[in-house]
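Quick look at data15.txt (compact mmCIF, C-alpha atoms and all ligand atoms):
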# COMPACT_ATOMS: atom_id res chain seq x y z
CA MET A 21 95.11 119.41 77.41
CA GLN A 22 97.98 117.22 76.21
CA ALA A 23 98.89 114.55 78.77
CA ILE A 24 102.42 115.86 79.16
CA ASP A 25 101.17 119.41 79.76
CA THR A 26 98.92 118.12 82.53
CA LEU A 27 101.84 116.28 84.12
CA VAL A 28 104.39 119.08 84.03
CA THR A 29 102.05 121.88 85.06
CA ARG A 30 100.04 120.16 87.78
CA ARG A 31 99.67 121.97 91.06
CA SER A 32 97.15 121.63 93.82
CA ALA A 33 94.23 124.00 93.88
CA THR A 34 94.38 126.50 96.70
CA ALA A 35 90.68 127.29 96.44
CA LEU A 36 87.86 125.38 94.79
CA THR A 37 84.34 126.24 93.78
CA GLU A 38 81.36 124.86 91.84
CA PRO A 39 80.93 123.10 89.55
CA ALA A 40 82.12 119.70 90.62
CA PRO A 41 83.04 117.24 87.87
CA ASP A 42 79.93 116.14 86.03
CA THR A 43 78.99 112.49 85.68
CA GLY A 44 81.04 111.95 82.54
CA ALA A 45 84.11 113.58 84.02
CA LEU A 46 83.76 111.62 87.25
CA GLU A 47 83.57 108.37 85.31
CA LEU A 48 86.76 109.25 83.46
CA MET A 49 88.46 110.12 86.74
CA PHE A 50 87.64 106.70 88.19
CA ALA A 51 88.57 104.99 84.93
CA SER A 52 91.95 106.71 85.30
CA ALA A 53 92.20 105.70 88.96
CA VAL A 54 91.93 102.01 88.21
CA ARG A 55 94.80 102.23 85.73
CA ALA A 56 97.14 102.57 88.69
CA PRO A 57 99.83 99.88 88.66
CA ASP A 58 98.37 96.95 90.56
CA HIS A 59 100.74 94.21 91.71
CA GLY A 60 98.89 90.90 91.80
CA ARG A 61 95.71 92.32 90.26
CA LEU A 62 94.36 92.95 93.74
CA ARG A 63 92.41 96.09 92.84
CA PRO A 64 93.28 97.46 96.30
CA TRP A 65 91.28 100.67 95.94
CA ARG A 66 88.06 101.97 97.39
CA PHE A 67 86.51 105.34 96.52
CA LEU A 68 83.74 107.22 98.31
CA VAL A 69 82.10 110.24 96.74
CA VAL A 70 80.83 112.85 99.20
CA ARG A 71 78.83 115.76 97.82
CA GLY A 72 75.81 117.94 98.49
CA GLU A 73 74.40 117.73 101.98
CA ALA A 74 76.52 114.67 102.78
CA ARG A 75 79.38 117.15 103.16
CA ALA A 76 77.79 118.43 106.37
CA ARG A 77 77.92 114.91 107.80
CA PHE A 78 81.50 114.56 106.59
CA GLY A 79 82.33 117.82 108.38
CA GLU A 80 80.83 116.36 111.56
CA LEU A 81 83.26 113.45 111.25
CA LEU A 82 86.19 115.88 111.01
CA ALA A 83 84.91 117.86 114.00
CA GLY A 84 84.24 114.65 115.93
CA HIS A 85 87.81 113.56 115.39
CA LEU A 86 89.13 116.90 116.66
CA ALA A 87 86.86 116.76 119.71
CA ARG A 88 88.09 113.26 120.57
CA SER A 89 91.77 113.93 119.95
CA GLN A 90 91.82 117.41 121.51
CA PRO A 91 88.94 117.63 123.98
CA ALA A 92 89.83 121.21 124.89
CA SER A 93 89.22 122.44 121.32
CA SER A 94 87.26 125.66 121.10
CA ALA A 95 83.89 125.97 119.40
CA GLU A 96 85.63 128.00 116.66
CA SER A 97 88.14 125.23 115.99
CA LEU A 98 85.37 122.66 115.77
CA GLN A 99 83.44 124.89 113.37
CA ARG A 100 86.57 125.29 111.23
CA GLU A 101 86.69 121.50 110.89
CA ARG A 102 83.03 121.40 109.85
CA ASP A 103 83.65 124.14 107.31
CA LYS A 104 86.49 122.19 105.68
CA ALA A 105 83.91 119.88 104.18
CA PHE A 106 82.55 122.83 102.21
CA ARG A 107 85.82 124.02 100.69
CA ALA A 108 84.97 122.05 97.55
CA PRO A 109 81.77 120.85 95.95
CA MET A 110 82.97 117.25 96.06
CA ILE A 111 85.22 115.12 98.24
CA ILE A 112 86.56 111.79 97.07
CA VAL A 113 87.81 109.60 99.88
CA VAL A 114 90.48 107.28 98.54
CA ALA A 115 91.22 104.19 100.59
CA ALA A 116 93.54 101.27 100.18
CA HIS A 117 91.96 97.88 100.71
CA VAL A 118 94.96 96.08 102.13
CA ASN A 119 94.92 92.31 102.04
CA GLU A 120 97.66 91.14 104.41
CA ALA A 121 97.14 87.52 103.44
CA VAL A 122 98.72 88.15 100.05
CA LYS A 123 102.36 87.71 101.05
CA LYS A 124 103.75 88.40 97.60
CA VAL A 125 102.30 91.93 97.65
CA PRO A 126 103.18 93.58 100.96
CA PRO A 127 100.83 96.19 102.46
CA ILE A 128 103.07 99.04 101.37
CA GLU A 129 102.68 98.05 97.72
CA GLN A 130 98.90 97.91 98.04
CA THR A 131 98.86 101.28 99.80
CA LEU A 132 101.18 102.81 97.21
CA SER A 133 98.87 101.60 94.47
CA ALA A 134 96.00 103.46 96.15
CA GLY A 135 98.23 106.54 96.31
CA VAL A 136 98.84 106.31 92.59
CA ALA A 137 95.09 105.91 92.04
CA ALA A 138 94.56 109.12 94.02
CA GLY A 139 97.19 110.87 91.91
CA ASN A 140 95.53 109.64 88.73
CA ILE A 141 92.21 111.07 89.92
CA MET A 142 93.84 114.45 90.47
CA LEU A 143 95.56 114.42 87.10
CA ALA A 144 92.39 113.33 85.31
CA ALA A 145 90.45 116.09 87.05
CA LEU A 146 93.00 118.63 85.84
CA ALA A 147 92.99 117.28 82.30
CA LEU A 148 89.20 117.59 82.27
CA GLY A 149 89.23 121.23 83.36
CA TYR A 150 88.84 120.77 87.12
CA ASN A 151 91.35 120.68 89.94
CA ALA A 152 91.80 119.14 93.34
CA MET A 153 93.66 119.25 96.63
CA TRP A 154 94.84 116.18 98.55
CA LYS A 155 94.39 116.40 102.31
CA THR A 156 94.73 113.97 105.18
CA GLY A 157 95.21 115.14 108.78
CA GLY A 158 94.48 113.10 111.87
CA ALA A 159 90.91 112.30 110.81
CA ALA A 160 92.21 110.25 107.90
CA TYR A 161 93.90 107.88 110.33
CA ASP A 162 91.11 107.73 112.89
CA ALA A 163 89.38 104.36 113.32
CA GLN A 164 86.02 105.93 114.17
CA VAL A 165 86.10 108.10 111.05
CA ARG A 166 86.91 105.03 108.95
CA GLN A 167 84.04 103.13 110.51
CA SER A 168 81.58 106.01 110.04
CA LEU A 169 82.52 106.10 106.36
CA GLY A 170 81.71 102.41 106.11
CA LEU A 171 85.28 101.32 105.57
CA GLY A 172 86.08 97.85 106.81
CA PRO A 173 89.04 96.31 108.59
CA GLY A 174 92.14 96.51 106.43
CA GLU A 175 90.88 99.60 104.63
CA VAL A 176 93.05 102.64 105.22
CA ILE A 177 92.41 106.15 103.99
CA VAL A 178 95.19 107.51 101.79
CA GLY A 179 93.54 110.82 101.08
CA PHE A 180 90.59 113.13 101.11
CA LEU A 181 90.59 114.60 97.61
CA TYR A 182 88.73 117.90 97.51
CA VAL A 183 87.61 118.36 93.93
CA GLY A 184 85.96 121.15 91.98
CA THR A 185 86.70 124.09 89.74
CA ASP A 186 89.92 125.94 90.48
CA ALA A 187 89.29 129.33 92.03
CA GLY A 188 92.81 129.93 93.31
CA LYS A 189 95.78 131.93 92.14
CA PRO A 190 97.52 130.96 88.89
CA SER A 191 100.32 128.47 89.11
CA VAL A 192 103.82 129.58 90.08
CA PRO A 193 106.69 127.99 88.14
CA ARG A 194 108.32 125.23 90.17
CA GLY A 195 109.44 121.70 89.84
CA GLU A 196 113.24 121.73 89.73
CA TRP A 197 114.24 118.10 89.63
CA ARG A 198 117.91 118.08 88.60
CA ASP A 199 119.21 117.97 92.16
CA LEU A 200 117.09 114.86 92.82
CA VAL A 201 118.40 112.76 89.98
CA ARG A 202 121.75 111.12 89.49
CA GLU A 203 123.12 108.50 87.19
CA TRP A 204 124.26 105.29 88.90
CA ASP A 205 126.96 103.60 86.86
CA GLY A 206 127.53 100.60 89.09
CA ALA A 207 130.80 101.82 90.54
CA ALA A 208 131.21 101.25 94.27
CA VAL A 209 130.42 104.29 96.42
C1 LIG A 301 99.42 111.85 101.27
C2 LIG A 301 99.35 113.35 101.29
C3 LIG A 301 98.68 113.99 102.31
C4 LIG A 301 98.61 115.37 102.37
N1 LIG A 301 97.92 115.96 103.39
C5 LIG A 301 97.85 117.30 103.46
C6 LIG A 301 97.11 117.93 104.49
O1 LIG A 301 96.50 117.29 105.32
N2 LIG A 301 97.10 119.29 104.52
C7 LIG A 301 97.78 120.03 103.59
O2 LIG A 301 97.73 121.26 103.67
N3 LIG A 301 98.46 119.46 102.58
C8 LIG A 301 98.51 118.12 102.49
N4 LIG A 301 99.19 117.52 101.48
C9 LIG A 301 99.95 118.37 100.52
C10 LIG A 301 99.06 119.01 99.48
O3 LIG A 301 98.18 118.08 98.92
C11 LIG A 301 99.92 119.61 98.34
O4 LIG A 301 100.59 118.61 97.64
C12 LIG A 301 100.91 120.62 98.85
O5 LIG A 301 100.23 121.67 99.46
C13 LIG A 301 101.83 121.17 97.74
O6 LIG A 301 101.08 121.70 96.72
P1 LIG A 301 101.31 121.23 95.23
O7 LIG A 301 100.63 119.89 95.12
O8 LIG A 301 100.71 122.29 94.38
O9 LIG A 301 102.79 121.10 95.08
C14 LIG A 301 99.23 116.14 101.36
C15 LIG A 301 99.88 115.50 100.31
C16 LIG A 301 99.93 114.12 100.26
C17 LIG A 301 100.63 113.44 99.11
Re-express the file's structure as structure tokens.
Ligand SMILES: Cc1cc2nc3c(=O)[nH]c(=O)nc-3n(C[C@H](O)[C@H](O)[C@H](O)COP(=O)(O)O)c2cc1C
Amino acid sequence: MQAIDTLVTRRSATALTEPAPDTGALELMFASAVRAPDHGRLRPWRFLVVRGEARARFGELLAGHLARSQPASSAESLQRERDKAFRAPMIIVVAAHVNEAVKKVPPIEQTLSAGVAAGNIMLAALALGYNAMWKTGGAAYDAQVRQSLGLGPGEVIVGFLYVGTDAGKPSVPRGEWRDLVREWDGAAV
């Protein structure tokens, strides 16, 4: 796929199935991720790949978060959280490694860079014949989940990228941008 076609047709998958990206594709996805603009050459990105049986343990983290944040949750709700881990053959956890000591690059810039890295992963997946969906939810911001994933202090999750082969409905046309753009000519407003 031409790069511009990937960019102007991208949409999230609504359903994903096997196969997950193979080793070569995954390497290209991470090679794309680390081309994210990176103020100060901080490389403020961390990536965790969760696949196979590890997804069951990931699902337990999601359910554990729900149980802690909403102790009255039903068994069905908790099971729904566990099942989320199996909605794709692969999950890539994207985290920003935020170094607050670097005053010239504020935390928001480091976090944004990780967001761009996540976007690059999604676009690369699409260009390589796969697709993805970007999810967060409360678990992404939960300290215990971060710790269970082995993320350290200063590492914040920007997304759980569910990745696989698109099994959803075809794309609907969208993407009107004209109402979002204006020319600024310098005249006072
Ligand atoms: C940082 C971030 C977090 C998101 N978290 C969720 C989420 O937890 N659940 C969800 O349904 N969509 C979430 N989304 C939105 C979807 O990934 C997706 O963009 C949206 O459903 C629109 O689909 P589209 O990408 O095809 O336009 C998130 C998007 C971003 C950028």
Give me, please, the distance in Å between atom C9 of ligand LIG 301 (chain A) and CA of Arg194 (chain A), quoted to one decimal.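 Separating atom C9 of ligand LIG 301 (chain A) from CA of Arg194 (chain A) is a distance of 15.0 Å.
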Please produce, as a Markdown table, a per-residue contact table for chain A versus ligand LIG 301 (chain A) (criterion: any atom at most 8 Å away, all atoms listed in the file considered), showing the nearest atom pair and its distance in Å to one decimal, sorted by chain then residue number.
| residue | atom | partner | partner_atom | distance |
| --- | --- | --- | --- | --- |
| A:Arg30 | CA | A:LIG301 | O8 | 7.0 |
| A:Arg31 | CA | A:LIG301 | O8 | 3.5 |
| A:Ser32 | CA | A:LIG301 | O8 | 3.7 |
| A:Ala33 | CA | A:LIG301 | O8 | 6.7 |
| A:Thr34 | CA | A:LIG301 | O8 | 7.9 |
| A:Gly135 | CA | A:LIG301 | C1 | 7.4 |
| A:Met153 | CA | A:LIG301 | O3 | 5.2 |
| A:Trp154 | CA | A:LIG301 | O3 | 3.9 |
| A:Lys155 | CA | A:LIG301 | N1 | 3.7 |
| A:Thr156 | CA | A:LIG301 | O1 | 3.8 |
| A:Gly157 | CA | A:LIG301 | O1 | 4.3 |
| A:Val178 | CA | A:LIG301 | C1 | 6.1 |
| A:Gly179 | CA | A:LIG301 | C1 | 6.0 |
Under the rule that all atoms listed in the file are counted, which of A:Val136, A:Ile111, A:Ala87, A:Leu81 is the nearest residue to Leu68 (chain A)?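 Checking each of A:Val136, A:Ile111, A:Ala87, A:Leu81 against Leu68 (chain A), counting all atoms listed in the file, the winner is A:Ile111.
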Using all atoms listed in the file, the shortest atom-to-atom distance to Ala35 (chain A) among A:Arg202, A:Lys104, A:His85, A:Arg77 belongs to A:Lys104
Hey, can you check how far CA of Phe50 (chain A) sits from CA of Gly139 (chain A)?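 Going from CA of Phe50 (chain A) over to CA of Gly139 (chain A) covers 11.1 Å.
Residue nearest Tyr161 (chain A), chosen from A:Val122, A:Ala115, A:Val209, A:Ala145 and counting only C-alpha atoms: A:Ala115.
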Skipping near chain neighbours, those fewer than 6 positions away, what residues fall within 12 Å of Ile24 (chain A) using only C-alpha atoms, listed as a short mmCIF file (atom, residue, chain, number, x, y, z; two decimals) with C-alpha atoms, in the coordinates of the input?
data_model
loop_
_atom_site.label_atom_id
_atom_site.label_comp_id
_atom_site.auth_asym_id
_atom_site.auth_seq_id
_atom_site.Cartn_x
_atom_site.Cartn_y
_atom_site.Cartn_z
CA ARG A 30 100.04 120.16 87.78
CA LEU A 143 95.56 114.42 87.10
CA LEU A 146 93.00 118.63 85.84
CA ALA A 147 92.99 117.28 82.30
#
Could you list, as an MDAnalysis selection string, every residue within 8 Å of Ala40 (chain A), counting only C-alpha atoms and ignoring same-chain residues fewer than 4 positions away? chainID A and resid 108:110 150 183:185
Go ahead and write the selection's residues with C-alpha atoms as a compact mmCIF listing (two decimals), keeping the file's coordinate frame.
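Dumped to part_3.txt:
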# COMPACT_ATOMS: atom_id res chain seq x y z
CA ALA A 108 84.97 122.05 97.55
CA PRO A 109 81.77 120.85 95.95
CA MET A 110 82.97 117.25 96.06
CA TYR A 150 88.84 120.77 87.12
CA VAL A 183 87.61 118.36 93.93
CA GLY A 184 85.96 121.15 91.98
CA THR A 185 86.70 124.09 89.74
Would you list the residues near (86.7, 117.3, 109.1) (no more than 6 Å away, in the coordinates of the file, using only C-alpha atoms) as number ranges by chain? A: 79, 81-83, 101-102, 104
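Of the listed residues A:His59, A:Arg66, A:Arg88, A:Arg71, the one whose atoms come nearest to Gln164 (chain A) is A:Arg88, with distances taken using all atoms listed in the file.
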Using all atoms listed in the file for the distances, tell me which of A:Thr26, A:Glu47, A:Leu62, A:Lys189 is nearest to Ala121 (chain A).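 Nearest candidate to Ala121 (chain A) out of A:Thr26, A:Glu47, A:Leu62, A:Lys189: A:Leu62.
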What is the CA of Ala144 (chain A)-CA of Leu169 (chain A) distance in Å, reported with one decimal? 24.3 Å
May I have the protein, DNA and RNA residues with an atom at most 9 Å from (92.5, 93.2, 108.2), counting all atoms listed in the file in the file's coordinates, returned as a PDB file with C-alpha atoms, keeping the file's coordinate frame?
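That gives us part36.pdb:
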ATOM      1  CA  HIS A 117      91.960  97.880 100.710  1.00  0.00           C
ATOM      2  CA  VAL A 118      94.960  96.080 102.130  1.00  0.00           C
ATOM      3  CA  ASN A 119      94.920  92.310 102.040  1.00  0.00           C
ATOM      4  CA  GLU A 120      97.660  91.140 104.410  1.00  0.00           C
ATOM      5  CA  ALA A 121      97.140  87.520 103.440  1.00  0.00           C
ATOM      6  CA  GLY A 172      86.080  97.850 106.810  1.00  0.00           C
ATOM      7  CA  PRO A 173      89.040  96.310 108.590  1.00  0.00           C
ATOM      8  CA  GLY A 174      92.140  96.510 106.430  1.00  0.00           C
ATOM      9  CA  GLU A 175      90.880  99.600 104.630  1.00  0.00           C
TER      10      GLU A 175
END
Could you tell me which of A:Lys124, A:Arg166, A:Arg63, A:Arg107 comes closest to Leu36 (chain A) if we count all atoms listed in the file?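 Once distances to Leu36 (chain A) are computed over all atoms listed in the file, the minimum belongs to A:Arg107.
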Please report, as JSON, the centre and edge lengths in Å to one decimal of an axis-aligned box covering all listed atoms of region 74-91 of chain A with 6 Å per side.
{"center_x": 84.2, "center_y": 115.8, "center_z": 113.4, "size_x": 27.3, "size_y": 17.2, "size_z": 33.2}
Spatial neighbours of Ala56 (chain A), 10 Å, all atoms listed in the file, chain gap at least 4 places, as a PyMOL selection string: chain A and resi 51-52+63-65+132-141
